[in-house]
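Chemist: Below is one structure. I have some questions about it.
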Amino acid sequence: MSINILLVEDDIDLAATIVDYFEVESISCDHAANGVHGLALVEAHDYQVILLDINLPEMDGFTLCQKIRESSNDTPILMLTARDTLVDKVTGFDAGTDDYLVKPFEIEELLIRVLALSKRRSGQVSKLSFGKLVLQLRERLAFFDGRELKLTPITFKLLEKLMRESDKPVSRAVLMHAVWGEDQPDSNSLKVHIHHLRKQLEKVQANLLIDTEPGYGFSLREKTP
């Protein structure tokens, strides 16, 4: 899998070193020198990992991290900073970071952490959105345009996985693992719960479809007019 990451760092020499190192490791790394530019890049592109300095011009790293999370973006975030107090670390995790690396650091350790983060999505997001469909992850509630969907714990997990992967189809195997882990039921159980999820979307008149991808799985998309 190709890895595309974003580095938001105002130390140009450090940024150049990181970008060049990752290029040797076949990792594509975009760079922004301030928080406002960083936010614009996050909104325009999909990244596997985001690296944030804290002391950034125009918008600090804490604020940028918080804005990323408020937009329901679950890309893993790693903060790079010389600020190593417990208060700073707590503030960072409260803002939504997944990991924290104090400067100066060994660039090999940064690579190890980036590779680990790139294999998952962030658990720091409290809300997922897809059009007017909103999932409140901590409360385990789902709404479309303010109307609540009546979901079982299993259908909630299915919808969460489909929303997290809404840019592409999700295989049956991946969906079943996301819901049941290693202790999986027969394949008919997935069909039953997908059917229930479709019915709930119909009840709230959602302009969304759960499409069957023949021989593969399912995808969540908006209805075309």
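Starting from 1 in every chain, residues are counted up; chains themselves are A, B, ... following the order of the structure tokens, and ligands are numbered from 1 as listed.
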Within 12 Å of A:Asn34, counting only C-alpha atoms, which residues show up once you throw out same-chain ones fewer than 4 positions away? Write them as a ChimeraX atom specification, please.

Modeler: /A:7-12,15,38-41,52-61,63-64

Chemist: Within stretch 1-220 of chain A, find each residue whose DSSP state, derived from the backbone, is alpha helix (DSSP H), and express the selection as a short mmCIF file (atom, residue, chain, number, x, y, z; two decimals) with C-alpha atoms, in the first residue's frame.

Modeler:
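Generated file (part_11.cif):
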```cif
data_model
loop_
_atom_site.label_atom_id
_atom_site.label_comp_id
_atom_site.auth_asym_id
_atom_site.auth_seq_id
_atom_site.Cartn_x
_atom_site.Cartn_y
_atom_site.Cartn_z
CA ILE A 12 12.08 24.36 7.02
CA ASP A 13 15.37 22.52 7.57
CA LEU A 14 13.71 19.84 9.71
CA ALA A 15 10.83 19.57 7.25
CA ALA A 16 13.22 19.09 4.33
CA THR A 17 15.08 16.37 6.22
CA ILE A 18 11.85 14.50 7.01
CA VAL A 19 10.45 14.83 3.48
CA ASP A 20 13.71 13.62 1.91
CA TYR A 21 13.98 10.69 4.33
CA PHE A 22 10.43 9.55 3.67
CA GLU A 23 10.97 9.86 -0.08
CA VAL A 24 13.84 7.35 0.21
CA GLY A 35 -1.51 25.78 10.30
CA VAL A 36 -3.82 27.49 7.83
CA HIS A 37 -2.07 25.93 4.83
CA GLY A 38 -2.04 22.60 6.66
CA LEU A 39 -5.81 22.72 7.17
CA ALA A 40 -6.34 23.53 3.50
CA LEU A 41 -4.27 20.50 2.48
CA VAL A 42 -6.19 18.24 4.88
CA GLU A 43 -9.47 19.42 3.37
CA ALA A 44 -8.24 18.87 -0.18
CA GLY A 61 -1.06 22.60 16.19
CA PHE A 62 -3.59 22.11 19.00
CA THR A 63 -6.19 24.21 17.15
CA LEU A 64 -5.45 22.54 13.83
CA CYS A 65 -5.78 19.08 15.38
CA GLN A 66 -9.11 20.04 16.95
CA LYS A 67 -10.45 21.42 13.66
CA ILE A 68 -9.47 18.22 11.86
CA ARG A 69 -11.37 16.14 14.41
CA GLU A 70 -14.40 18.46 14.36
CA LEU A 86 2.57 16.51 30.83
CA VAL A 87 0.18 19.45 30.42
CA ASP A 88 1.17 19.82 26.77
CA LYS A 89 0.72 16.10 26.15
CA VAL A 90 -2.71 16.06 27.81
CA THR A 91 -3.73 19.10 25.77
CA GLY A 92 -2.61 17.34 22.61
CA PHE A 93 -4.55 14.17 23.34
CA ASP A 94 -7.61 16.20 24.33
CA ALA A 95 -7.38 17.99 20.98
CA ILE A 107 14.03 9.89 12.40
CA GLU A 108 14.02 6.08 12.35
CA GLU A 109 11.61 6.14 15.31
CA LEU A 110 9.40 8.62 13.45
CA LEU A 111 9.27 6.21 10.51
CA ILE A 112 8.29 3.29 12.78
CA ARG A 113 5.47 5.31 14.33
CA VAL A 114 4.21 6.55 10.96
CA LEU A 115 4.12 3.01 9.58
CA ALA A 116 2.20 1.79 12.63
CA LEU A 117 -0.32 4.65 12.47
CA PRO A 153 -25.27 -2.68 18.24
CA ILE A 154 -24.42 -4.82 15.21
CA THR A 155 -26.04 -2.56 12.62
CA PHE A 156 -24.37 0.43 14.27
CA LYS A 157 -20.96 -1.24 13.80
CA LEU A 158 -21.82 -2.04 10.18
CA LEU A 159 -22.81 1.54 9.46
CA GLU A 160 -19.71 2.86 11.22
CA LYS A 161 -17.45 0.69 9.06
CA LEU A 162 -19.26 1.65 5.86
CA MET A 163 -18.97 5.35 6.77
CA ARG A 164 -15.28 5.09 7.62
CA ARG A 172 -17.87 -8.95 3.19
CA ALA A 173 -14.85 -10.33 5.03
CA VAL A 174 -13.78 -6.89 6.26
CA LEU A 175 -17.32 -6.03 7.38
CA MET A 176 -17.75 -9.30 9.24
CA HIS A 177 -14.40 -8.91 10.97
CA ALA A 178 -15.26 -5.32 11.99
CA VAL A 179 -18.48 -6.52 13.63
CA TRP A 180 -17.77 -10.01 14.95
CA ASN A 188 -26.51 -15.05 6.19
CA SER A 189 -26.21 -13.00 9.38
CA LEU A 190 -24.49 -10.21 7.46
CA LYS A 191 -27.29 -10.14 4.88
CA VAL A 192 -29.93 -9.90 7.63
CA HIS A 193 -28.24 -6.96 9.33
CA ILE A 194 -27.58 -5.15 6.05
CA HIS A 195 -31.29 -5.54 5.27
CA HIS A 196 -32.19 -4.04 8.66
CA LEU A 197 -29.80 -1.14 8.08
CA ARG A 198 -31.34 -0.42 4.68
CA LYS A 199 -34.83 -0.40 6.23
CA GLN A 200 -33.73 2.11 8.85
CA LEU A 201 -32.30 4.41 6.20
CA GLU A 202 -35.59 4.18 4.31
CA LYS A 203 -37.60 5.04 7.46
#
```

Chemist: Find, counting only C-alpha atoms, the residue in A:Pro185, A:Ser72, A:Thr97, A:Leu149 that gets nearest to A:Ser126.

Modeler: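 Smallest separation from A:Ser126 among the options: A:Ser72.
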
Chemist: Within stretch 12-220 of chain A, find each residue whose DSSP state, derived from the backbone, is strand (DSSP E), and express the selection as an mmCIF file with N, CA and C atoms, in the first residue's frame.

Modeler:
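Okay, this is what ended up in states.cif:
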```
data_model
loop_
_atom_site.group_PDB
_atom_site.id
_atom_site.type_symbol
_atom_site.label_atom_id
_atom_site.label_comp_id
_atom_site.auth_asym_id
_atom_site.auth_seq_id
_atom_site.Cartn_x
_atom_site.Cartn_y
_atom_site.Cartn_z
ATOM 1 N N ILE A 27 7.653 6.904 0.739
ATOM 2 C CA ILE A 27 6.486 7.511 1.377
ATOM 3 C C ILE A 27 6.349 8.931 0.847
ATOM 4 N N SER A 28 5.206 9.243 0.278
ATOM 5 C CA SER A 28 4.950 10.585 -0.243
ATOM 6 C C SER A 28 4.592 11.515 0.911
ATOM 7 N N CYS A 29 5.250 12.660 0.991
ATOM 8 C CA CYS A 29 5.049 13.574 2.124
ATOM 9 C C CYS A 29 4.815 14.995 1.633
ATOM 10 N N ASP A 30 3.575 15.487 1.758
ATOM 11 C CA ASP A 30 3.280 16.895 1.491
ATOM 12 C C ASP A 30 3.722 17.723 2.691
ATOM 13 N N HIS A 31 4.010 19.008 2.455
ATOM 14 C CA HIS A 31 4.483 19.859 3.544
ATOM 15 C C HIS A 31 3.744 21.191 3.558
ATOM 16 N N ALA A 32 3.386 21.625 4.751
ATOM 17 C CA ALA A 32 2.835 22.966 4.967
ATOM 18 C C ALA A 32 3.629 23.622 6.082
ATOM 19 N N VAL A 49 -1.516 9.498 7.342
ATOM 20 C CA VAL A 49 -1.034 10.016 8.626
ATOM 21 C C VAL A 49 -0.794 11.517 8.481
ATOM 22 N N ILE A 50 -1.051 12.259 9.571
ATOM 23 C CA ILE A 50 -0.770 13.693 9.603
ATOM 24 C C ILE A 50 0.213 13.956 10.743
ATOM 25 N N LEU A 51 1.322 14.659 10.433
ATOM 26 C CA LEU A 51 2.324 15.036 11.427
ATOM 27 C C LEU A 51 2.195 16.530 11.700
ATOM 28 N N LEU A 52 2.009 16.900 12.972
ATOM 29 C CA LEU A 52 1.776 18.297 13.328
ATOM 30 C C LEU A 52 2.803 18.791 14.331
ATOM 31 N N ASP A 53 3.431 19.924 14.039
ATOM 32 C CA ASP A 53 4.153 20.663 15.059
ATOM 33 C C ASP A 53 3.103 21.427 15.879
ATOM 34 N N ILE A 77 -3.153 11.154 13.763
ATOM 35 C CA ILE A 77 -2.329 12.357 13.898
ATOM 36 C C ILE A 77 -1.217 12.095 14.900
ATOM 37 N N LEU A 78 0.003 12.505 14.528
ATOM 38 C CA LEU A 78 1.173 12.426 15.398
ATOM 39 C C LEU A 78 1.712 13.835 15.594
ATOM 40 N N MET A 79 1.817 14.277 16.841
ATOM 41 C CA MET A 79 2.345 15.607 17.129
ATOM 42 C C MET A 79 3.849 15.536 17.360
ATOM 43 N N LEU A 80 4.582 16.439 16.698
ATOM 44 C CA LEU A 80 6.023 16.576 16.851
ATOM 45 C C LEU A 80 6.292 17.917 17.521
ATOM 46 N N THR A 81 6.948 17.910 18.684
ATOM 47 C CA THR A 81 7.119 19.172 19.384
ATOM 48 C C THR A 81 8.241 19.103 20.406
ATOM 49 N N ASP A 99 -0.739 10.207 18.814
ATOM 50 C CA ASP A 99 0.612 9.897 19.284
ATOM 51 C C ASP A 99 1.374 11.196 19.449
ATOM 52 N N TYR A 100 2.512 11.118 20.131
ATOM 53 C CA TYR A 100 3.252 12.309 20.519
ATOM 54 C C TYR A 100 4.734 11.963 20.479
ATOM 55 N N LEU A 101 5.534 12.738 19.763
ATOM 56 C CA LEU A 101 6.969 12.504 19.686
ATOM 57 C C LEU A 101 7.698 13.811 19.993
ATOM 58 N N VAL A 102 8.568 13.764 21.014
ATOM 59 C CA VAL A 102 9.245 14.977 21.490
ATOM 60 C C VAL A 102 10.544 15.199 20.718
ATOM 61 N N LYS A 127 -17.323 11.812 16.212
ATOM 62 C CA LYS A 127 -18.455 11.911 15.297
ATOM 63 C C LYS A 127 -18.002 11.606 13.882
ATOM 64 N N LEU A 128 -18.812 10.840 13.154
ATOM 65 C CA LEU A 128 -18.582 10.599 11.731
ATOM 66 C C LEU A 128 -19.744 11.200 10.952
ATOM 67 N N SER A 129 -19.454 11.772 9.802
ATOM 68 C CA SER A 129 -20.500 12.371 8.973
ATOM 69 C C SER A 129 -20.360 11.901 7.536
ATOM 70 N N PHE A 130 -21.514 11.688 6.910
ATOM 71 C CA PHE A 130 -21.559 11.390 5.478
ATOM 72 C C PHE A 130 -22.814 12.066 4.941
ATOM 73 N N LEU A 133 -25.971 12.304 7.183
ATOM 74 C CA LEU A 133 -25.924 11.174 8.112
ATOM 75 C C LEU A 133 -24.804 11.412 9.125
ATOM 76 N N VAL A 134 -25.152 11.327 10.408
ATOM 77 C CA VAL A 134 -24.191 11.591 11.479
ATOM 78 C C VAL A 134 -24.201 10.439 12.468
ATOM 79 N N LEU A 135 -23.014 9.945 12.799
ATOM 80 C CA LEU A 135 -22.853 8.940 13.842
ATOM 81 C C LEU A 135 -22.150 9.577 15.031
ATOM 82 N N GLN A 136 -22.788 9.510 16.194
ATOM 83 C CA GLN A 136 -22.159 9.954 17.437
ATOM 84 C C GLN A 136 -21.561 8.710 18.091
ATOM 85 N N LEU A 141 -25.159 6.633 18.751
ATOM 86 C CA LEU A 141 -26.407 7.106 18.162
ATOM 87 C C LEU A 141 -26.167 7.486 16.709
ATOM 88 N N ALA A 142 -27.215 7.347 15.889
ATOM 89 C CA ALA A 142 -27.132 7.687 14.468
ATOM 90 C C ALA A 142 -28.326 8.555 14.089
ATOM 91 N N PHE A 143 -28.071 9.598 13.293
ATOM 92 C CA PHE A 143 -29.126 10.517 12.870
ATOM 93 C C PHE A 143 -28.964 10.838 11.390
ATOM 94 N N PHE A 144 -30.098 10.981 10.713
ATOM 95 C CA PHE A 144 -30.087 11.537 9.365
ATOM 96 C C PHE A 144 -30.945 12.783 9.372
ATOM 97 N N ARG A 147 -33.124 13.104 12.290
ATOM 98 C CA ARG A 147 -34.026 11.991 12.611
ATOM 99 C C ARG A 147 -33.198 10.772 13.016
ATOM 100 N N GLU A 148 -33.526 10.194 14.170
ATOM 101 C CA GLU A 148 -32.711 9.106 14.705
ATOM 102 C C GLU A 148 -33.006 7.778 14.016
ATOM 103 N N VAL A 170 -16.587 -2.017 0.577
ATOM 104 C CA VAL A 170 -16.023 -2.770 1.693
ATOM 105 C C VAL A 170 -16.369 -4.244 1.488
ATOM 106 N N SER A 171 -15.384 -5.099 1.572
ATOM 107 C CA SER A 171 -15.628 -6.519 1.334
ATOM 108 C C SER A 171 -16.444 -7.126 2.472
ATOM 109 N N LEU A 208 -29.643 7.918 0.795
ATOM 110 C CA LEU A 208 -28.449 7.083 0.791
ATOM 111 C C LEU A 208 -28.804 5.661 0.393
ATOM 112 N N LEU A 209 -27.839 4.991 -0.216
ATOM 113 C CA LEU A 209 -28.001 3.596 -0.611
ATOM 114 C C LEU A 209 -26.846 2.774 -0.065
ATOM 115 N N ILE A 210 -27.150 1.546 0.339
ATOM 116 C CA ILE A 210 -26.109 0.572 0.599
ATOM 117 C C ILE A 210 -26.127 -0.369 -0.592
ATOM 118 N N ASP A 211 -25.213 -0.148 -1.498
ATOM 119 C CA ASP A 211 -25.153 -0.924 -2.738
ATOM 120 C C ASP A 211 -24.453 -2.259 -2.510
ATOM 121 N N THR A 212 -24.972 -3.284 -3.151
ATOM 122 C CA THR A 212 -24.286 -4.573 -3.172
ATOM 123 C C THR A 212 -23.269 -4.571 -4.298
ATOM 124 N N GLU A 213 -22.043 -4.884 -3.954
ATOM 125 C CA GLU A 213 -20.984 -5.021 -4.957
ATOM 126 C C GLU A 213 -20.858 -6.514 -5.265
ATOM 127 N N GLY A 217 -18.799 -7.163 -1.838
ATOM 128 C CA GLY A 217 -19.299 -6.661 -0.565
ATOM 129 C C GLY A 217 -20.327 -5.574 -0.744
ATOM 130 N N PHE A 218 -20.137 -4.456 -0.036
ATOM 131 C CA PHE A 218 -21.140 -3.394 -0.025
ATOM 132 C C PHE A 218 -20.462 -2.022 -0.009
ATOM 133 N N SER A 219 -21.196 -1.009 -0.443
ATOM 134 C CA SER A 219 -20.696 0.358 -0.400
ATOM 135 C C SER A 219 -21.816 1.302 -0.016
ATOM 136 N N LEU A 220 -21.472 2.362 0.683
ATOM 137 C CA LEU A 220 -22.421 3.398 1.071
ATOM 138 C C LEU A 220 -22.253 4.570 0.116
#
```

Chemist: Looking at only C-alpha atoms, which of A:Gly96, A:Ser26, A:Gly146, A:Pro104 is the one that sits closest to A:Ala82?

Modeler: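 The answer is A:Pro104, which sits nearest to A:Ala82.
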
Chemist: Of the candidates A:Lys168, A:Tyr216, A:Val204, A:Ser187, which one gets nearest to A:Lys150 if we count only C-alpha atoms?

Modeler: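 When distances to A:Lys150 are compared using only C-alpha atoms, the smallest one comes from A:Val204.
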
Chemist: Measure the distance from atom CA of A:Glu25 to atom CA of A:Asn4 in Å and round it to one decimal.

Modeler: 11.6 Å
